[in-house]
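Peer 1: Coordinates in entry.pdb, PDB, C-alpha atoms, are listed below.
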```pdb
MODEL        1
ATOM      1  CA  MET L   1     -38.687  -7.719   7.521
ATOM      2  CA  LYS L   2     -36.612  -4.937   9.075
ATOM      3  CA  LYS L   3     -36.728  -4.332  12.796
ATOM      4  CA  THR L   4     -38.610  -1.290  14.003
ATOM      5  CA  LYS L   5     -37.321   0.202  17.252
ATOM      6  CA  ILE L   6     -39.976   1.656  19.527
ATOM      7  CA  ILE L   7     -39.262   3.592  22.708
ATOM      8  CA  ILE L   8     -42.297   4.200  24.900
ATOM      9  CA  VAL L   9     -42.041   6.611  27.830
ATOM     10  CA  ARG L  10     -44.475   7.657  30.496
ATOM     11  CA  HIS L  11     -45.076  11.383  30.897
ATOM     12  CA  THR L  12     -43.338  13.397  33.579
ATOM     13  CA  GLU L  13     -44.640  14.326  37.038
ATOM     14  CA  THR L  14     -47.684  16.590  37.280
ATOM     15  CA  ILE L  15     -49.687  18.252  40.036
ATOM     16  CA  GLY L  16     -52.249  15.492  39.579
ATOM     17  CA  ASN L  17     -49.623  12.878  40.419
ATOM     18  CA  ILE L  18     -48.467  14.495  43.648
ATOM     19  CA  GLU L  19     -52.070  15.172  44.695
ATOM     20  CA  LYS L  20     -52.778  11.461  44.151
ATOM     21  CA  ARG L  21     -55.562  11.978  41.645
ATOM     22  CA  LEU L  22     -57.126   9.669  39.092
ATOM     23  CA  THR L  23     -55.785  11.928  36.376
ATOM     24  CA  GLY L  24     -57.017   9.905  33.405
ATOM     25  CA  ARG L  25     -58.244  12.313  30.739
ATOM     26  CA  THR L  26     -57.874  15.332  33.040
ATOM     27  CA  ASP L  27     -54.707  17.371  32.502
ATOM     28  CA  TYR L  28     -52.558  19.018  35.187
ATOM     29  CA  GLU L  29     -49.545  21.286  35.106
ATOM     30  CA  ILE L  30     -46.065  19.826  35.263
ATOM     31  CA  THR L  31     -44.307  20.238  38.614
ATOM     32  CA  GLU L  32     -40.844  21.691  39.199
ATOM     33  CA  LYS L  33     -39.559  18.146  39.692
ATOM     34  CA  GLY L  34     -41.400  17.195  36.521
ATOM     35  CA  GLN L  35     -39.351  19.692  34.541
ATOM     36  CA  ILE L  36     -36.156  18.245  35.997
ATOM     37  CA  LEU L  37     -37.307  14.777  34.926
ATOM     38  CA  ILE L  38     -37.948  16.063  31.399
ATOM     39  CA  ASN L  39     -34.393  17.373  31.292
ATOM     40  CA  LYS L  40     -33.010  14.008  32.407
ATOM     41  CA  LEU L  41     -35.133  12.096  29.903
ATOM     42  CA  THR L  42     -34.028  14.422  27.119
ATOM     43  CA  LYS L  43     -30.361  13.924  28.027
ATOM     44  CA  GLU L  44     -30.798  10.138  28.135
ATOM     45  CA  LEU L  45     -32.364   9.954  24.676
ATOM     46  CA  GLU L  46     -30.698  12.912  22.947
ATOM     47  CA  ASN L  47     -28.245  10.777  20.960
ATOM     48  CA  ILE L  48     -30.946   8.648  19.374
ATOM     49  CA  LYS L  49     -32.032   9.712  15.905
ATOM     50  CA  PHE L  50     -35.807   9.370  15.919
ATOM     51  CA  ASP L  51     -37.749   9.137  12.664
ATOM     52  CA  ALA L  52     -41.174   9.856  14.157
ATOM     53  CA  MET L  53     -42.709  10.867  17.499
ATOM     54  CA  TYR L  54     -46.154  10.258  18.902
ATOM     55  CA  ALA L  55     -47.970  11.369  22.054
ATOM     56  CA  SER L  56     -51.464  11.301  23.468
ATOM     57  CA  THR L  57     -53.623  14.393  23.051
ATOM     58  CA  LEU L  58     -52.937  15.404  26.656
ATOM     59  CA  GLU L  59     -50.482  18.226  27.328
ATOM     60  CA  ARG L  60     -48.430  16.293  29.877
ATOM     61  CA  THR L  61     -47.240  13.809  27.258
ATOM     62  CA  ILE L  62     -46.614  16.445  24.606
ATOM     63  CA  LYS L  63     -44.542  18.595  26.971
ATOM     64  CA  THR L  64     -42.533  15.574  28.122
ATOM     65  CA  ILE L  65     -41.057  14.873  24.678
ATOM     66  CA  LYS L  66     -41.213  18.394  23.235
ATOM     67  CA  PRO L  67     -37.458  19.047  23.782
ATOM     68  CA  LEU L  68     -36.638  15.815  21.934
ATOM     69  CA  SER L  69     -38.947  16.772  19.080
ATOM     70  CA  ILE L  70     -37.097  20.077  18.771
ATOM     71  CA  LYS L  71     -33.703  18.351  18.820
ATOM     72  CA  ASN L  72     -34.835  15.954  16.100
ATOM     73  CA  ASN L  73     -36.751  18.606  14.174
ATOM     74  CA  ILE L  74     -39.807  16.336  14.190
ATOM     75  CA  GLU L  75     -43.421  17.287  14.746
ATOM     76  CA  ILE L  76     -45.195  15.300  17.458
ATOM     77  CA  GLN L  77     -48.219  13.421  16.148
ATOM     78  CA  CYS L  78     -50.973  13.396  18.786
ATOM     79  CA  LEU L  79     -53.325  10.424  18.935
ATOM     80  CA  GLU L  80     -56.297   9.999  21.245
ATOM     81  CA  ASP L  81     -55.786   6.229  21.348
ATOM     82  CA  LEU L  82     -52.546   6.832  23.288
ATOM     83  CA  CYS L  83     -54.458   8.557  26.115
ATOM     84  CA  GLU L  84     -54.754   7.274  29.662
ATOM     85  CA  MET L  85     -57.626   5.129  30.902
ATOM     86  CA  ASN L  86     -60.833   7.113  31.202
ATOM     87  CA  PHE L  87     -61.753   6.901  34.884
ATOM     88  CA  GLY L  88     -65.420   7.663  34.278
ATOM     89  CA  ILE L  89     -67.262   9.797  36.805
ATOM     90  CA  TYR L  90     -64.171   9.990  39.051
ATOM     91  CA  ASP L  91     -61.761  11.199  36.383
ATOM     92  CA  GLY L  92     -59.650  13.928  37.968
ATOM     93  CA  TRP L  93     -60.780  13.132  41.513
ATOM     94  CA  LYS L  94     -58.423  12.674  44.442
ATOM     95  CA  TRP L  95     -58.231   9.097  45.687
ATOM     96  CA  GLU L  96     -59.118  10.299  49.195
ATOM     97  CA  ASP L  97     -62.458  11.583  47.885
ATOM     98  CA  VAL L  98     -63.164   8.429  45.875
ATOM     99  CA  ASN L  99     -62.459   6.366  48.974
ATOM    100  CA  LYS L 100     -65.203   8.206  50.867
ATOM    101  CA  ILE L 101     -67.785   7.057  48.318
ATOM    102  CA  GLN L 102     -66.493   3.734  46.986
ATOM    103  CA  PRO L 103     -63.599   2.467  49.151
ATOM    104  CA  GLU L 104     -63.889  -0.939  47.478
ATOM    105  CA  ILE L 105     -62.290   0.447  44.306
ATOM    106  CA  LYS L 106     -58.937   1.088  46.011
ATOM    107  CA  GLU L 107     -59.258  -2.074  48.084
ATOM    108  CA  ASN L 108     -59.744  -4.100  44.918
ATOM    109  CA  GLN L 109     -56.843  -2.337  43.209
ATOM    110  CA  ASN L 110     -54.575  -3.287  46.110
ATOM    111  CA  LYS L 111     -55.565  -6.928  45.578
ATOM    112  CA  ILE L 112     -55.471  -7.316  41.791
ATOM    113  CA  ASN L 113     -53.548  -4.196  40.643
ATOM    114  CA  GLU L 114     -56.426  -3.050  38.433
ATOM    115  CA  ILE L 115     -58.805  -0.125  38.752
ATOM    116  CA  ASN L 116     -62.379  -1.111  38.039
ATOM    117  CA  GLY L 117     -65.892  -0.584  39.352
ATOM    118  CA  ILE L 118     -66.103   3.127  38.510
ATOM    119  CA  PRO L 119     -69.313   4.085  36.681
ATOM    120  CA  LYS L 120     -68.663   4.910  32.999
ATOM    121  CA  GLN L 121     -64.960   4.083  33.148
ATOM    122  CA  GLU L 122     -62.923   2.268  30.508
ATOM    123  CA  SER L 123     -61.982  -1.301  31.313
ATOM    124  CA  THR L 124     -58.366  -2.446  31.419
ATOM    125  CA  GLU L 125     -59.083  -4.698  28.437
ATOM    126  CA  GLU L 126     -60.461  -1.777  26.429
ATOM    127  CA  VAL L 127     -57.369   0.289  27.189
ATOM    128  CA  ALA L 128     -55.050  -2.590  26.278
ATOM    129  CA  ASN L 129     -56.846  -3.216  22.989
ATOM    130  CA  ARG L 130     -56.886   0.394  21.794
ATOM    131  CA  MET L 131     -53.238   0.874  22.790
ATOM    132  CA  TYR L 132     -52.239  -2.332  21.018
ATOM    133  CA  ASN L 133     -54.130  -1.469  17.845
ATOM    134  CA  CYS L 134     -52.719   2.058  17.848
ATOM    135  CA  ILE L 135     -49.095   1.058  18.415
ATOM    136  CA  LEU L 136     -49.380  -1.822  15.934
ATOM    137  CA  LYS L 137     -50.534   0.669  13.297
ATOM    138  CA  ILE L 138     -47.658   3.003  14.176
ATOM    139  CA  ALA L 139     -45.163   0.138  13.931
ATOM    140  CA  LYS L 140     -46.458  -1.031  10.556
ATOM    141  CA  GLU L 141     -46.340   2.504   9.171
ATOM    142  CA  ASN L 142     -42.707   2.912  10.264
ATOM    143  CA  ILE L 143     -41.001  -0.370   9.381
ATOM    144  CA  GLY L 144     -37.250  -0.224   9.973
ATOM    145  CA  LYS L 145     -37.427   3.158  11.683
ATOM    146  CA  THR L 146     -36.915   4.401  15.248
ATOM    147  CA  ILE L 147     -40.037   5.702  16.968
ATOM    148  CA  LEU L 148     -40.690   7.583  20.210
ATOM    149  CA  ILE L 149     -44.080   7.329  21.920
ATOM    150  CA  CYS L 150     -45.143   9.193  25.081
ATOM    151  CA  SER L 151     -48.211   7.877  26.867
ATOM    152  CA  HIS L 152     -49.525   7.154  30.384
ATOM    153  CA  GLY L 153     -48.954   4.746  33.250
ATOM    154  CA  VAL L 154     -51.965   2.438  33.078
ATOM    155  CA  ALA L 155     -52.154   2.644  29.288
ATOM    156  CA  ILE L 156     -48.506   1.666  28.762
ATOM    157  CA  GLU L 157     -48.655  -1.131  31.309
ATOM    158  CA  ALA L 158     -51.853  -2.502  29.754
ATOM    159  CA  PHE L 159     -50.192  -2.585  26.321
ATOM    160  CA  LEU L 160     -47.003  -4.257  27.558
ATOM    161  CA  ARG L 161     -48.911  -6.886  29.513
ATOM    162  CA  LYS L 162     -51.123  -7.614  26.509
ATOM    163  CA  ILE L 163     -48.216  -8.378  24.186
ATOM    164  CA  ILE L 164     -46.838 -10.974  26.610
ATOM    165  CA  ASN L 165     -50.229 -12.062  27.965
ATOM    166  CA  LEU L 166     -49.477 -11.348  31.626
ATOM    167  CA  PRO L 167     -52.315 -10.257  33.950
ATOM    168  CA  PHE L 168     -51.906  -7.122  36.069
ATOM    169  CA  LYS L 169     -51.776  -9.024  39.344
ATOM    170  CA  TYR L 170     -48.367 -10.515  38.525
ATOM    171  CA  GLU L 171     -44.961  -8.794  38.776
ATOM    172  CA  ARG L 172     -46.325  -5.429  39.855
ATOM    173  CA  GLU L 173     -43.030  -3.704  40.566
ATOM    174  CA  LYS L 174     -41.413  -4.944  37.381
ATOM    175  CA  PHE L 175     -44.105  -3.388  35.189
ATOM    176  CA  CYS L 176     -44.804  -0.268  37.271
ATOM    177  CA  GLN L 177     -44.508   2.802  35.043
ATOM    178  CA  HIS L 178     -43.004   5.569  37.137
ATOM    179  CA  ASN L 179     -42.843   9.067  35.661
ATOM    180  CA  VAL L 180     -40.479   9.173  32.636
ATOM    181  CA  ALA L 181     -39.925   5.401  32.768
ATOM    182  CA  ILE L 182     -38.397   4.143  29.507
ATOM    183  CA  ASN L 183     -39.535   0.995  27.707
ATOM    184  CA  GLU L 184     -37.598  -0.212  24.675
ATOM    185  CA  LEU L 185     -39.176  -2.603  22.199
ATOM    186  CA  TYR L 186     -38.634  -3.806  18.689
ATOM    187  CA  PHE L 187     -41.225  -4.898  16.170
ATOM    188  CA  GLU L 188     -40.378  -7.652  13.707
ATOM    189  CA  ASN L 189     -42.450 -10.165  11.746
ATOM    190  CA  ASP L 190     -45.661  -8.664  13.124
ATOM    191  CA  LYS L 191     -44.610  -9.211  16.748
ATOM    192  CA  PHE L 192     -43.474  -6.931  19.558
ATOM    193  CA  HIS L 193     -40.495  -7.847  21.726
ATOM    194  CA  ILE L 194     -39.527  -6.065  24.960
ATOM    195  CA  ASP L 195     -35.817  -5.224  25.397
ATOM    196  CA  LYS L 196     -36.078  -2.832  28.346
ATOM    197  CA  LEU L 197     -38.956  -2.544  30.801
ATOM    198  CA  ALA L 198     -39.959   0.491  32.897
ATOM    199  CA  ASP L 199     -36.373   1.714  33.306
ATOM    200  CA  ILE L 200     -35.721   4.705  35.559
ATOM    201  CA  SER L 201     -32.154   3.771  36.550
ATOM    202  CA  TYR L 202     -30.841   6.532  34.283
ATOM    203  CA  LEU L 203     -32.322   9.145  36.627
ATOM    204  CA  ASN L 204     -29.546   8.360  39.119
ATOM    205  CA  LYS L 205     -26.667   8.827  36.707
ATOM    206  CA  GLU L 206     -24.071  11.182  38.158
ATOM    207  CA  GLU L 207     -23.986  13.364  35.069
ATOM    208  CA  ASN L 208     -27.729  13.874  35.296
ATOM    209  CA  LYS L 209     -27.716  15.167  38.854
TER     210      LYS L 209
ENDMDL
END
```
Using C-alpha cells, write down the structure from this file.
Peer 2:
Amino acid sequence: MKKTKIIIVRHTETIGNIEKRLTGRTDYEITEKGQILINKLTKELENIKFDAMYASTLERTIKTIKPLSIKNNIEIQCLEDLCEMNFGIYDGWKWEDVNKIQPEIKENQNKINEINGIPKQESTEEVANRMYNCILKIAKENIGKTILICSHGVAIEAFLRKIINLPFKYEREKFCQHNVAINELYFENDKFHIDKLADISYLNKEENK
C-alpha cells in the first residue's frame, strides 16, 4: 500500500486565545499576530503540493489554511468531526469566570492535563475517537496522496495520543499544540506514524521574520 502523507496544523491565534477562553465550538476573530502566524505557516508549507485540504467547520481553521488552498487551487472540505472539544455550558467562557464557579476544573487540568467535569461537555475519549475515525476515513479516501488538515489544540492532541496510546498526563510539552504547530504523519498499512510532532521551530526562521 502506498504511503499517505498527512500534515495536521492547529489554527492560528484568535481573540479567544489571548483572552484565555475555553473557545471550543465558539469562534473568535483572528488577532494581528494571528495573521502574521498564518503568513509564516503559508511560507513554510507553500512548496508542498497538496492533493486535498480539510478543516473544521469553525472559521479560525478555515482562515488559517485559506492562503494555502488558494495557492494549491483546492477547495477546503469542512468537517464537523474535526472541531474542537465541546466545553459544554462553559464553552466560550473565560477561565477566570469558570474558576469562580468550579475552580476544581482548572486544578484537575493542572494535575492530569485534561479538562473534565464541565456539565454537558465532550469527554477527551469522545474527542479522540471522533478525530481518529474522521482522519482514518480521510486517509483511506486519499491513499498515496498528500493531505492538509487544520483542526484545534485539544482535538489534535487527543488524536495523536490515541494513535500511540499515551495518556494526556505524560509528556505535556512534547505534545502541546501551540498556534500553527505542524504535525507530520504518514498512513500506511492501516496505521498512522508520526514523523514530526507539534513543530513551531519554523516560526523563528530568519527569512520568516
Peer 1: For region 112-129 of chain L, work out the shell of residues within 10 Å, counting all atoms listed in the file and skipping chain neighbours fewer than 4 positions away, then give it as an MDAnalysis selection string.
Peer 2: chainID L and resid 22 24 81:91 98 102 104:108 133:135 154:163 167:172
Peer 1: Running the PyMOL selection byres ((chain L and resi 32-42) around 12) on this model by hand, what would come out? Give it as a ChimeraX atom specification.
Peer 2: /L:7-18,28-31,43-48,60-72,148,150,178-182,199-209
Peer 1: Please report the interatomic distance between CA of Tyr132 (chain L) and CA of Tyr186 (chain L) in Å with one decimal.
Peer 2: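 These two atoms are separated by 13.9 Å.
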Peer 1: Once the PyMOL selection byres ((chain L and resi 143) around 12) is applied to the coordinates I shared, what remains selected? I want it as a PDB file with C-alpha atoms, in the coordinates of the input.
Peer 2:
```
ATOM      1  CA  MET L   1     -38.687  -7.719   7.521  1.00  0.00           C
ATOM      2  CA  LYS L   2     -36.612  -4.937   9.075  1.00  0.00           C
ATOM      3  CA  LYS L   3     -36.728  -4.332  12.796  1.00  0.00           C
ATOM      4  CA  THR L   4     -38.610  -1.290  14.003  1.00  0.00           C
ATOM      5  CA  LYS L   5     -37.321   0.202  17.252  1.00  0.00           C
ATOM      6  CA  ILE L   6     -39.976   1.656  19.527  1.00  0.00           C
ATOM      7  CA  ASP L  51     -37.749   9.137  12.664  1.00  0.00           C
ATOM      8  CA  ALA L  52     -41.174   9.856  14.157  1.00  0.00           C
ATOM      9  CA  LEU L 136     -49.380  -1.822  15.934  1.00  0.00           C
ATOM     10  CA  LYS L 137     -50.534   0.669  13.297  1.00  0.00           C
ATOM     11  CA  ILE L 138     -47.658   3.003  14.176  1.00  0.00           C
ATOM     12  CA  ALA L 139     -45.163   0.138  13.931  1.00  0.00           C
ATOM     13  CA  LYS L 140     -46.458  -1.031  10.556  1.00  0.00           C
ATOM     14  CA  GLU L 141     -46.340   2.504   9.171  1.00  0.00           C
ATOM     15  CA  ASN L 142     -42.707   2.912  10.264  1.00  0.00           C
ATOM     16  CA  GLY L 144     -37.250  -0.224   9.973  1.00  0.00           C
ATOM     17  CA  LYS L 145     -37.427   3.158  11.683  1.00  0.00           C
ATOM     18  CA  THR L 146     -36.915   4.401  15.248  1.00  0.00           C
ATOM     19  CA  ILE L 147     -40.037   5.702  16.968  1.00  0.00           C
ATOM     20  CA  TYR L 186     -38.634  -3.806  18.689  1.00  0.00           C
ATOM     21  CA  PHE L 187     -41.225  -4.898  16.170  1.00  0.00           C
ATOM     22  CA  GLU L 188     -40.378  -7.652  13.707  1.00  0.00           C
ATOM     23  CA  ASN L 189     -42.450 -10.165  11.746  1.00  0.00           C
ATOM     24  CA  ASP L 190     -45.661  -8.664  13.124  1.00  0.00           C
TER      25      ASP L 190
END
```
Peer 1: Quick one, how far is CA of Thr57 (chain L) from CA of Gln177 (chain L)?
Peer 2: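 Distance reported for this atom pair: 19.0 Å.
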Peer 1: Calculate how many Å separate CA of Asn165 (chain L) from CA of Arg25 (chain L), rounding to one decimal.
Peer 2: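 About the pair CA of Asn165 (chain L) and CA of Arg25 (chain L): they are 25.8 Å apart.
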Peer 1: From the list L:Lys111, L:Lys94, L:Phe50, L:Ile149, which residue is nearest Gln77 (chain L) when using all atoms listed in the file?
Peer 2: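 Smallest separation from Gln77 (chain L) among the options: L:Ile149.
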Peer 1: Calculated over only C-alpha atoms, which of the candidates L:His152, L:Leu58, L:Asn73, L:Trp95 has the smallest distance to Arg21 (chain L)?
Peer 2: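 Going through L:His152, L:Leu58, L:Asn73, L:Trp95 one by one, the smallest distance to Arg21 (chain L) is for L:Trp95.
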Peer 1: Using only the atoms of region 63-80 of chain L listed in the file, plus 8 Å on each side, state the axis-aligned box centre and edge lengths in Å rounded to one decimal, as JSON.
Peer 2:
```
{"center_x": -45.0, "center_y": 15.0, "center_z": 21.1, "size_x": 38.6, "size_y": 26.1, "size_z": 29.9}
```
